[in-house]
>>> print(open('structure.csv').read())   # CSV, C-alpha atoms
chain,number,residue,atom,x,y,z
R,1,MET,CA,61.2,-22.2,-80.8
R,2,GLY,CA,59.3,-19.9,-83.1
R,3,HIS,CA,60.1,-18.3,-86.4
R,4,GLU,CA,60.9,-14.7,-86.8
R,5,THR,CA,61.1,-12.6,-89.9
R,6,ASP,CA,64.3,-11.3,-91.5
R,7,ASP,CA,63.1,-7.8,-90.8
R,8,VAL,CA,62.7,-8.4,-87.1
R,9,LEU,CA,66.2,-10.0,-86.9
R,10,ASP,CA,67.7,-7.1,-88.9
R,11,ARG,CA,66.1,-4.5,-86.7
R,12,PHE,CA,67.2,-6.4,-83.6
R,13,ARG,CA,70.8,-6.4,-84.9
R,14,HIS,CA,70.6,-2.6,-85.1
R,15,GLY,CA,69.4,-2.4,-81.5
R,16,ASP,CA,65.7,-1.9,-82.1
R,17,LEU,CA,64.0,-2.5,-78.7
R,18,ASP,CA,60.6,-3.4,-80.2
R,19,ALA,CA,62.2,-6.1,-82.4
R,20,PHE,CA,64.0,-7.3,-79.3
R,21,GLU,CA,60.7,-7.6,-77.4
R,22,ALA,CA,59.2,-9.5,-80.4
R,23,LEU,CA,62.1,-12.0,-80.3
R,24,PHE,CA,61.8,-12.2,-76.5
R,25,ARG,CA,58.1,-13.0,-76.7
R,26,LEU,CA,58.8,-15.7,-79.3
R,27,HIS,CA,61.7,-17.4,-77.6
R,28,GLN,CA,61.4,-16.8,-73.8
R,29,ARG,CA,59.5,-20.0,-73.2
R,30,ALA,CA,62.1,-22.1,-75.1
R,31,VAL,CA,65.0,-20.4,-73.4
R,32,PHE,CA,63.4,-20.8,-70.0
R,33,GLY,CA,62.8,-24.5,-70.6
R,34,TRP,CA,66.3,-25.0,-71.8
R,35,ILE,CA,67.8,-23.4,-68.7
R,36,LEU,CA,65.4,-25.2,-66.4
R,37,ARG,CA,66.7,-28.5,-67.8
R,38,MET,CA,70.2,-27.5,-66.8
R,39,VAL,CA,69.7,-25.8,-63.4
R,40,ARG,CA,66.6,-27.8,-62.2
R,41,ASN,CA,65.1,-24.9,-60.3
R,42,PRO,CA,62.3,-22.7,-61.7
R,43,ALA,CA,63.2,-19.6,-59.8
R,44,THR,CA,66.8,-19.8,-60.8
R,45,ALA,CA,65.8,-20.6,-64.4
R,46,GLU,CA,63.7,-17.4,-64.5
R,47,GLU,CA,66.6,-15.3,-63.1
R,48,LEU,CA,68.9,-16.8,-65.7
R,49,THR,CA,66.4,-16.3,-68.5
R,50,VAL,CA,66.4,-12.6,-67.7
R,51,GLU,CA,70.2,-12.7,-67.5
R,52,THR,CA,70.3,-14.5,-70.9
R,53,PHE,CA,68.1,-11.9,-72.7
R,54,TRP,CA,70.1,-9.1,-71.1
R,55,ARG,CA,73.3,-10.7,-72.6
R,56,ILE,CA,71.5,-11.2,-75.9
R,57,TYR,CA,70.6,-7.5,-76.1
R,58,ARG,CA,74.0,-6.4,-75.1
R,59,ALA,CA,75.5,-8.5,-77.9
R,60,HIS,CA,72.9,-7.5,-80.6
R,61,ALA,CA,75.6,-5.9,-82.8
R,62,ARG,CA,77.4,-9.3,-83.0
R,63,PHE,CA,74.4,-11.3,-84.0
R,64,GLU,CA,74.6,-12.9,-87.4
R,65,ALA,CA,71.1,-13.4,-88.8
R,66,SER,CA,72.3,-16.1,-91.2
R,67,ARG,CA,73.1,-18.4,-88.2
R,68,GLY,CA,69.6,-18.0,-86.7
R,69,PHE,CA,68.4,-16.6,-83.4
R,70,GLU,CA,67.4,-19.9,-81.7
R,71,GLY,CA,70.8,-21.6,-81.6
R,72,TRP,CA,72.5,-18.3,-80.7
R,73,ALA,CA,70.1,-17.7,-77.8
R,74,ARG,CA,70.5,-21.3,-76.6
R,75,ARG,CA,74.3,-21.0,-76.6
R,76,ILE,CA,74.1,-17.8,-74.5
R,77,ALA,CA,71.7,-19.4,-72.2
R,78,THR,CA,74.0,-22.4,-71.7
R,79,HIS,CA,76.9,-20.2,-70.8
R,80,ALA,CA,74.8,-18.2,-68.4
R,81,ALA,CA,73.8,-21.4,-66.7
R,82,LEU,CA,77.4,-22.6,-66.7
R,83,ASP,CA,78.5,-19.4,-65.1
R,84,TRP,CA,75.8,-19.7,-62.4
R,85,MET,CA,76.7,-23.3,-61.7
R,86,ARG,CA,80.4,-22.4,-61.2
R,87,ARG,CA,79.3,-19.5,-58.9
R,88,VAL,CA,77.0,-21.4,-56.6
R,89,ARG,CA,78.8,-24.8,-56.5
R,90,VAL,CA,77.7,-27.6,-54.3
R,91,GLU,CA,76.4,-25.8,-51.3
R,92,SER,CA,73.1,-24.7,-52.7
R,93,GLY,CA,71.5,-28.1,-52.5
R,94,LEU,CA,69.0,-27.0,-55.2
R,95,ILE,CA,69.1,-30.3,-57.1
R,96,THR,CA,68.7,-32.4,-54.0
R,97,GLU,CA,65.5,-30.4,-53.3
R,98,MET,CA,64.2,-31.7,-56.6
R,99,VAL,CA,64.9,-35.4,-56.0
R,100,VAL,CA,62.1,-37.6,-57.2
R,101,ASP,CA,59.9,-38.9,-54.4
R,102,ALA,CA,58.1,-41.4,-56.5
R,103,PRO,CA,58.6,-45.1,-55.7
R,104,ALA,CA,61.4,-46.9,-57.5
R,105,ALA,CA,60.1,-50.1,-58.9
R,106,GLU,CA,63.1,-52.4,-58.6
R,107,MET,CA,64.7,-51.1,-55.4
R,108,GLY,CA,62.7,-52.7,-52.7
R,109,ASP,CA,62.4,-50.8,-49.5
R,110,ALA,CA,61.2,-47.2,-50.3
R,111,ALA,CA,63.3,-45.6,-47.6
R,112,VAL,CA,66.5,-47.2,-49.0
R,113,ALA,CA,65.5,-46.2,-52.5
R,114,ALA,CA,64.9,-42.6,-51.4
R,115,GLU,CA,68.3,-42.5,-49.7
R,116,ILE,CA,70.0,-43.8,-52.8
R,117,ARG,CA,68.2,-41.1,-54.9
R,118,ARG,CA,69.3,-38.4,-52.4
R,119,LYS,CA,72.9,-39.6,-52.5
R,120,THR,CA,72.9,-39.8,-56.3
R,121,ALA,CA,71.6,-36.3,-56.5
R,122,ARG,CA,74.3,-35.0,-54.1
R,123,ALA,CA,77.0,-36.9,-56.0
R,124,PHE,CA,75.7,-35.3,-59.2
R,125,GLU,CA,75.9,-31.8,-57.6
R,126,ARG,CA,79.6,-32.5,-56.8
R,127,LEU,CA,80.5,-32.9,-60.4
R,128,PRO,CA,82.3,-30.1,-62.2
R,129,ALA,CA,79.7,-27.8,-63.9
R,130,LYS,CA,80.7,-28.6,-67.4
R,131,LEU,CA,80.3,-32.3,-66.8
R,132,ARG,CA,77.0,-31.8,-65.0
R,133,ILE,CA,75.5,-29.9,-67.9
R,134,ALA,CA,76.5,-32.5,-70.4
R,135,ALA,CA,75.3,-35.4,-68.2
R,136,VAL,CA,71.9,-33.8,-67.3
R,137,LEU,CA,71.1,-32.9,-70.9
R,138,ALA,CA,72.3,-36.2,-72.4
R,139,VAL,CA,71.3,-38.7,-69.8
R,140,VAL,CA,68.3,-37.2,-67.9
R,141,GLU,CA,66.8,-35.0,-70.6
R,142,GLU,CA,67.9,-37.3,-73.5
R,143,ARG,CA,68.7,-34.4,-75.7
R,144,PRO,CA,70.6,-35.2,-78.9
R,145,HIS,CA,74.4,-34.9,-78.6
R,146,LYS,CA,74.5,-32.6,-81.6
R,147,GLU,CA,72.1,-30.1,-79.9
R,148,ILE,CA,74.2,-30.2,-76.7
R,149,ALA,CA,77.4,-29.8,-78.7
R,150,GLU,CA,76.1,-26.7,-80.4
R,151,ALA,CA,74.8,-25.2,-77.2
R,152,LEU,CA,78.2,-25.7,-75.4
R,153,GLY,CA,80.2,-24.8,-78.5
R,154,ILE,CA,82.1,-28.1,-78.5
R,155,SER,CA,82.2,-31.1,-80.7
R,156,VAL,CA,79.9,-34.1,-80.5
R,157,ALA,CA,82.9,-36.3,-79.5
R,158,ALA,CA,83.7,-33.9,-76.7
R,159,VAL,CA,80.1,-34.1,-75.4
R,160,LYS,CA,80.4,-37.9,-75.4
R,161,VAL,CA,83.7,-37.7,-73.4
R,162,ARG,CA,82.1,-35.4,-70.9
R,163,VAL,CA,79.1,-37.7,-70.4
R,164,PHE,CA,81.5,-40.7,-70.0
R,165,ARG,CA,83.6,-38.8,-67.5
R,166,ALA,CA,80.6,-37.6,-65.5
R,167,VAL,CA,79.2,-41.2,-65.3
R,168,ARG,CA,82.6,-42.6,-64.2
R,169,MET,CA,83.0,-39.8,-61.5
R,170,LEU,CA,79.4,-40.5,-60.3
R,171,ARG,CA,80.1,-44.2,-60.1
R,172,LYS,CA,83.2,-43.6,-58.0
R,173,ASP,CA,81.4,-41.1,-55.7
R,174,LEU,CA,78.5,-43.6,-55.2
R,175,GLU,CA,80.9,-46.4,-54.5
R,176,SER,CA,82.7,-44.3,-51.9
R,177,GLN,CA,79.3,-43.9,-50.2
R,178,GLY,CA,78.8,-47.6,-50.1
R,179,ILE,CA,76.4,-47.7,-53.2
R,180,ARG,CA,77.5,-50.3,-55.7
R,181,PRO,CA,75.6,-49.7,-59.0
I,1,MET,CA,80.1,-47.9,-71.5
I,2,THR,CA,79.9,-50.9,-69.2
I,3,GLY,CA,76.8,-52.4,-67.6
I,4,GLN,CA,77.7,-50.6,-64.4
I,5,ASP,CA,77.8,-47.3,-66.2
I,6,ASP,CA,74.3,-48.0,-67.5
I,7,LYS,CA,73.2,-48.6,-63.9
I,8,VAL,CA,74.7,-45.3,-62.9
I,9,LYS,CA,72.7,-43.6,-65.6
I,10,LYS,CA,69.5,-45.4,-64.5
I,11,LEU,CA,70.2,-44.2,-60.9
I,12,LEU,CA,70.7,-40.6,-62.2
I,13,LYS,CA,67.4,-40.7,-64.1
I,14,GLU,CA,65.6,-42.0,-61.0
I,15,ALA,CA,67.2,-39.3,-58.8
I,16,LEU,CA,66.5,-36.3,-61.0
I,17,PRO,CA,63.0,-35.6,-62.4
I,18,ARG,CA,62.9,-35.0,-66.1
I,19,VAL,CA,61.6,-31.6,-67.0
I,20,GLU,CA,58.2,-31.5,-68.7
I,21,ASP,CA,58.1,-30.8,-72.4
I,22,GLU,CA,56.8,-27.2,-72.4
I,23,PRO,CA,57.6,-25.6,-69.0
I,24,GLU,CA,56.6,-22.0,-68.6
I,25,PRO,CA,57.9,-19.2,-66.4
I,26,SER,CA,55.6,-18.4,-63.5
I,27,ARG,CA,55.1,-14.8,-64.8
I,28,ASP,CA,56.0,-12.5,-67.7
I,29,LEU,CA,59.7,-11.9,-67.5
I,30,TRP,CA,59.8,-8.9,-69.9
I,31,PRO,CA,59.4,-6.2,-67.2
I,32,ARG,CA,62.4,-7.8,-65.4
I,33,VAL,CA,64.4,-7.8,-68.7
I,34,LEU,CA,63.6,-4.1,-69.2
I,35,ARG,CA,64.6,-3.3,-65.6
I,36,ARG,CA,67.9,-5.1,-66.1
I,37,LEU,CA,68.6,-3.2,-69.3
I,38,ASP,CA,67.9,0.1,-67.5
I,39,GLU,CA,70.4,-0.7,-64.8
I,40,LYS,CA,73.7,1.0,-65.1
I,41,ALA,CA,76.6,-1.3,-65.5
I,42,GLY,CA,78.2,-1.0,-62.1
I,43,ALA,CA,81.8,-1.8,-61.1
I,44,PRO,CA,82.5,-5.5,-60.4
I,45,PRO,CA,82.1,-6.3,-56.7
I,46,TRP,CA,85.3,-6.2,-54.6
I,47,PHE,CA,85.2,-10.0,-54.3
I,48,ASP,CA,85.6,-10.4,-58.0
I,49,TRP,CA,88.7,-8.2,-58.0
I,50,ALA,CA,90.1,-10.2,-55.0
I,51,LEU,CA,89.4,-13.5,-56.8
I,52,GLY,CA,91.0,-12.3,-60.0
I,53,ALA,CA,94.1,-11.0,-58.1
I,54,GLY,CA,94.4,-14.3,-56.2
I,55,VAL,CA,94.2,-16.3,-59.5
I,56,LEU,CA,96.8,-14.1,-61.1
I,57,GLY,CA,99.0,-14.4,-58.0
I,58,MET,CA,98.7,-18.2,-58.0
I,59,ALA,CA,99.5,-18.3,-61.7
I,60,ALA,CA,102.6,-16.2,-61.2
I,61,LEU,CA,103.9,-18.2,-58.2
I,62,PHE,CA,102.9,-21.7,-59.5
I,63,PRO,CA,102.9,-21.6,-63.4
I,64,ALA,CA,102.7,-25.4,-63.4
I,65,ALA,CA,99.2,-25.2,-61.9
I,66,ILE,CA,97.8,-23.2,-64.9
I,67,PRO,CA,96.8,-26.4,-66.9
I,68,VAL,CA,95.2,-27.9,-63.8
I,69,PHE,CA,93.2,-24.7,-63.3
I,70,LEU,CA,92.1,-24.5,-66.9
I,71,TYR,CA,91.1,-28.2,-66.8
I,72,TYR,CA,88.6,-27.4,-64.0
I,73,LEU,CA,87.2,-24.4,-65.7
>>> encode(input="structure.csv", output="structure tokens")
Amino acid sequence: MGHETDDVLDRFRHGDLDAFEALFRLHQRAVFGWILRMVRNPATAEELTVETFWRIYRAHARFEASRGFEGWARRIATHAALDWMRRVRVESGLITEMVVDAPAAEMGDAAVAAEIRRKTARAFERLPAKLRIAAVLAVVEERPHKEIAEALGISVAAVKVRVFRAVRMLRKDLESQGIRP
Amino acid sequence: MTGQDDKVKKLLKEALPRVEDEPEPSRDLWPRVLRRLDEKAGAPPWFDWALGAGVLGMAALFPAAIPVFLYYL
């Protein structure tokens, strides 16, 4: 994410729209990327980026410049994504649409491998939203646990617990579908 | 973590594509943010009220279910 001056942050805290636009221009790409990593759908990520900056502007008076804009924005973005995941639940099939179609090296028959990927993605969609976010950021995107913890407003230990529970739930779900990891 | 858990992680990585390093929105989102800021804050939709009332009703009738409900939040 970029660096903003104290003056811009101070003006934003007082509701200055020009300062807000400057911050938006500086951070929109990073916020969009962060959200995309969680929701896995570009159109939804754009919608949630707009939602995030709307929430950011509404909360301008509560912004503490000493804590930095980047982490604050990421936290708001994470909660916007979490709210969206809870709202749409499993039925959307958005993640399944994004399943990799590339050949899996060690899986043998391509059709079987594709079916396993599809079932894994569906099982992932069935996880509770808070476990899904922790798992996708930690396992798929390989983001540091500390970064995830700050974005979710929880401890690093809690992130590890969520990832552990997500993997165990996925394993059970896959086993119930006849896939033995 | 067991070896099986590691295999589940591997399956997950194979199933979901990793997002590229510097993804960009397809267009400038600032006009949409401005439109959103201009919108008047409307009343919550009826469904939200119904859902809230349902949750409160459940909590009143089955207080033991509150921890379970909070767990799944």
>>> atom_distance(input="structure.csv", atom1="CA of Glu125 in chain R", atom2="CA of Lys7 in chain I")
18.1 Å
>>> residues_near_point(input="structure.csv", point="(65.8, -9.2, -70.4)", cutoff="9 Å", atoms="all atoms listed in the file", output="PDB file with C-alpha atoms, keeping the file's coordinate frame")
ATOM      1  CA  GLU R  21      60.700  -7.600 -77.400  1.00  0.00           C
ATOM      2  CA  PHE R  24      61.800 -12.200 -76.500  1.00  0.00           C
ATOM      3  CA  THR R  49      66.400 -16.300 -68.500  1.00  0.00           C
ATOM      4  CA  VAL R  50      66.400 -12.600 -67.700  1.00  0.00           C
ATOM      5  CA  GLU R  51      70.200 -12.700 -67.500  1.00  0.00           C
ATOM      6  CA  THR R  52      70.300 -14.500 -70.900  1.00  0.00           C
ATOM      7  CA  PHE R  53      68.100 -11.900 -72.700  1.00  0.00           C
ATOM      8  CA  TRP R  54      70.100  -9.100 -71.100  1.00  0.00           C
ATOM      9  CA  ARG R  55      73.300 -10.700 -72.600  1.00  0.00           C
ATOM     10  CA  ILE R  56      71.500 -11.200 -75.900  1.00  0.00           C
ATOM     11  CA  TYR R  57      70.600  -7.500 -76.100  1.00  0.00           C
TER      12      TYR R  57
ATOM     13  CA  LEU I  29      59.700 -11.900 -67.500  1.00  0.00           C
ATOM     14  CA  TRP I  30      59.800  -8.900 -69.900  1.00  0.00           C
ATOM     15  CA  PRO I  31      59.400  -6.200 -67.200  1.00  0.00           C
ATOM     16  CA  ARG I  32      62.400  -7.800 -65.400  1.00  0.00           C
ATOM     17  CA  VAL I  33      64.400  -7.800 -68.700  1.00  0.00           C
ATOM     18  CA  LEU I  34      63.600  -4.100 -69.200  1.00  0.00           C
ATOM     19  CA  ARG I  35      64.600  -3.300 -65.600  1.00  0.00           C
ATOM     20  CA  ARG I  36      67.900  -5.100 -66.100  1.00  0.00           C
ATOM     21  CA  LEU I  37      68.600  -3.200 -69.300  1.00  0.00           C
TER      22      LEU I  37
END
>>> atom_distance(input="structure.csv", atom1="CA of Arg75 in chain R", atom2="CA of Arg27 in chain I")
23.4 Å
>>> closest_atom_pairs(input="structure.csv", of="range 35-67 of chain R", to="range 128-149 of chain R", cutoff="9 Å", atoms="all atoms listed in the file", output="JSON lines")
{"residue": "R:Arg37", "atom": "CA", "partner": "R:Leu137", "partner_atom": "CA", "distance": 7.0}
{"residue": "R:Met38", "atom": "CA", "partner": "R:Ile133", "partner_atom": "CA", "distance": 5.9}
{"residue": "R:Val39", "atom": "CA", "partner": "R:Ile133", "partner_atom": "CA", "distance": 8.4}
>>> interface_residues(input="structure.csv", of="chain R", to="chain I", cutoff="6 Å", atoms="only C-alpha atoms", output="list in words")
Arg29, Gly33, Val50, Val99, Val100, Arg117, Ala121, Val140, Glu141 and Pro181 of chain R
>>> write_last_selection(input="structure.csv", atoms="C-alpha atoms", output="PDB file, in the coordinates of the input")
ATOM      1  CA  ARG R  29      59.500 -20.000 -73.200  1.00  0.00           C
ATOM      2  CA  GLY R  33      62.800 -24.500 -70.600  1.00  0.00           C
ATOM      3  CA  VAL R  50      66.400 -12.600 -67.700  1.00  0.00           C
ATOM      4  CA  VAL R  99      64.900 -35.400 -56.000  1.00  0.00           C
ATOM      5  CA  VAL R 100      62.100 -37.600 -57.200  1.00  0.00           C
ATOM      6  CA  ARG R 117      68.200 -41.100 -54.900  1.00  0.00           C
ATOM      7  CA  ALA R 121      71.600 -36.300 -56.500  1.00  0.00           C
ATOM      8  CA  VAL R 140      68.300 -37.200 -67.900  1.00  0.00           C
ATOM      9  CA  GLU R 141      66.800 -35.000 -70.600  1.00  0.00           C
ATOM     10  CA  PRO R 181      75.600 -49.700 -59.000  1.00  0.00           C
TER      11      PRO R 181
END
>>> atom_distance(input="structure.csv", atom1="CA of Leu70 in chain I", atom2="CA of Glu175 in chain R")
27.5 Å
>>> residues_around(input="structure.csv", residues="Arg13 in chain R", least_positions_apart="4", cutoff="7 Å", atoms="all atoms listed in the file", output="VMD selection string")
chain R and resid 9 60 to 61 63
>>> build_atoms(input="structure.csv", residues="range 2-17 of chain I", atoms="N, CA and C atoms", output="PDB file, in the frame of the given file")
ATOM      1  N   THR I   2      80.060 -49.541 -69.731  1.00  0.00           N
ATOM      2  CA  THR I   2      79.900 -50.900 -69.200  1.00  0.00           C
ATOM      3  C   THR I   2      78.453 -50.967 -68.608  1.00  0.00           C
ATOM      4  N   GLY I   3      78.098 -52.180 -68.188  1.00  0.00           N
ATOM      5  CA  GLY I   3      76.800 -52.400 -67.600  1.00  0.00           C
ATOM      6  C   GLY I   3      76.665 -51.538 -66.309  1.00  0.00           C
ATOM      7  N   GLN I   4      77.791 -51.392 -65.595  1.00  0.00           N
ATOM      8  CA  GLN I   4      77.700 -50.600 -64.400  1.00  0.00           C
ATOM      9  C   GLN I   4      77.449 -49.117 -64.691  1.00  0.00           C
ATOM     10  N   ASP I   5      78.050 -48.641 -65.791  1.00  0.00           N
ATOM     11  CA  ASP I   5      77.800 -47.300 -66.200  1.00  0.00           C
ATOM     12  C   ASP I   5      76.303 -47.076 -66.539  1.00  0.00           C
ATOM     13  N   ASP I   6      75.743 -48.075 -67.184  1.00  0.00           N
ATOM     14  CA  ASP I   6      74.300 -48.000 -67.500  1.00  0.00           C
ATOM     15  C   ASP I   6      73.474 -47.929 -66.230  1.00  0.00           C
ATOM     16  N   LYS I   7      73.922 -48.671 -65.208  1.00  0.00           N
ATOM     17  CA  LYS I   7      73.200 -48.600 -63.900  1.00  0.00           C
ATOM     18  C   LYS I   7      73.297 -47.255 -63.280  1.00  0.00           C
ATOM     19  N   VAL I   8      74.481 -46.632 -63.415  1.00  0.00           N
ATOM     20  CA  VAL I   8      74.700 -45.300 -62.900  1.00  0.00           C
ATOM     21  C   VAL I   8      73.702 -44.322 -63.572  1.00  0.00           C
ATOM     22  N   LYS I   9      73.591 -44.467 -64.896  1.00  0.00           N
ATOM     23  CA  LYS I   9      72.700 -43.600 -65.600  1.00  0.00           C
ATOM     24  C   LYS I   9      71.229 -43.811 -65.178  1.00  0.00           C
ATOM     25  N   LYS I  10      70.901 -45.063 -64.907  1.00  0.00           N
ATOM     26  CA  LYS I  10      69.500 -45.400 -64.500  1.00  0.00           C
ATOM     27  C   LYS I  10      69.299 -44.710 -63.080  1.00  0.00           C
ATOM     28  N   LEU I  11      70.309 -44.801 -62.205  1.00  0.00           N
ATOM     29  CA  LEU I  11      70.200 -44.200 -60.900  1.00  0.00           C
ATOM     30  C   LEU I  11      69.991 -42.654 -61.033  1.00  0.00           C
ATOM     31  N   LEU I  12      70.749 -42.086 -61.963  1.00  0.00           N
ATOM     32  CA  LEU I  12      70.700 -40.600 -62.200  1.00  0.00           C
ATOM     33  C   LEU I  12      69.268 -40.239 -62.656  1.00  0.00           C
ATOM     34  N   LYS I  13      68.732 -41.025 -63.569  1.00  0.00           N
ATOM     35  CA  LYS I  13      67.400 -40.700 -64.100  1.00  0.00           C
ATOM     36  C   LYS I  13      66.342 -40.853 -62.969  1.00  0.00           C
ATOM     37  N   GLU I  14      66.569 -41.822 -62.075  1.00  0.00           N
ATOM     38  CA  GLU I  14      65.600 -42.000 -61.000  1.00  0.00           C
ATOM     39  C   GLU I  14      65.749 -40.865 -59.945  1.00  0.00           C
ATOM     40  N   ALA I  15      66.985 -40.335 -59.828  1.00  0.00           N
ATOM     41  CA  ALA I  15      67.200 -39.300 -58.800  1.00  0.00           C
ATOM     42  C   ALA I  15      66.732 -37.929 -59.247  1.00  0.00           C
ATOM     43  N   LEU I  16      66.825 -37.647 -60.549  1.00  0.00           N
ATOM     44  CA  LEU I  16      66.500 -36.300 -61.000  1.00  0.00           C
ATOM     45  C   LEU I  16      65.215 -36.395 -61.902  1.00  0.00           C
ATOM     46  N   PRO I  17      64.208 -35.622 -61.570  1.00  0.00           N
ATOM     47  CA  PRO I  17      63.000 -35.600 -62.400  1.00  0.00           C
ATOM     48  C   PRO I  17      63.261 -34.994 -63.749  1.00  0.00           C
TER      49      PRO I  17
END
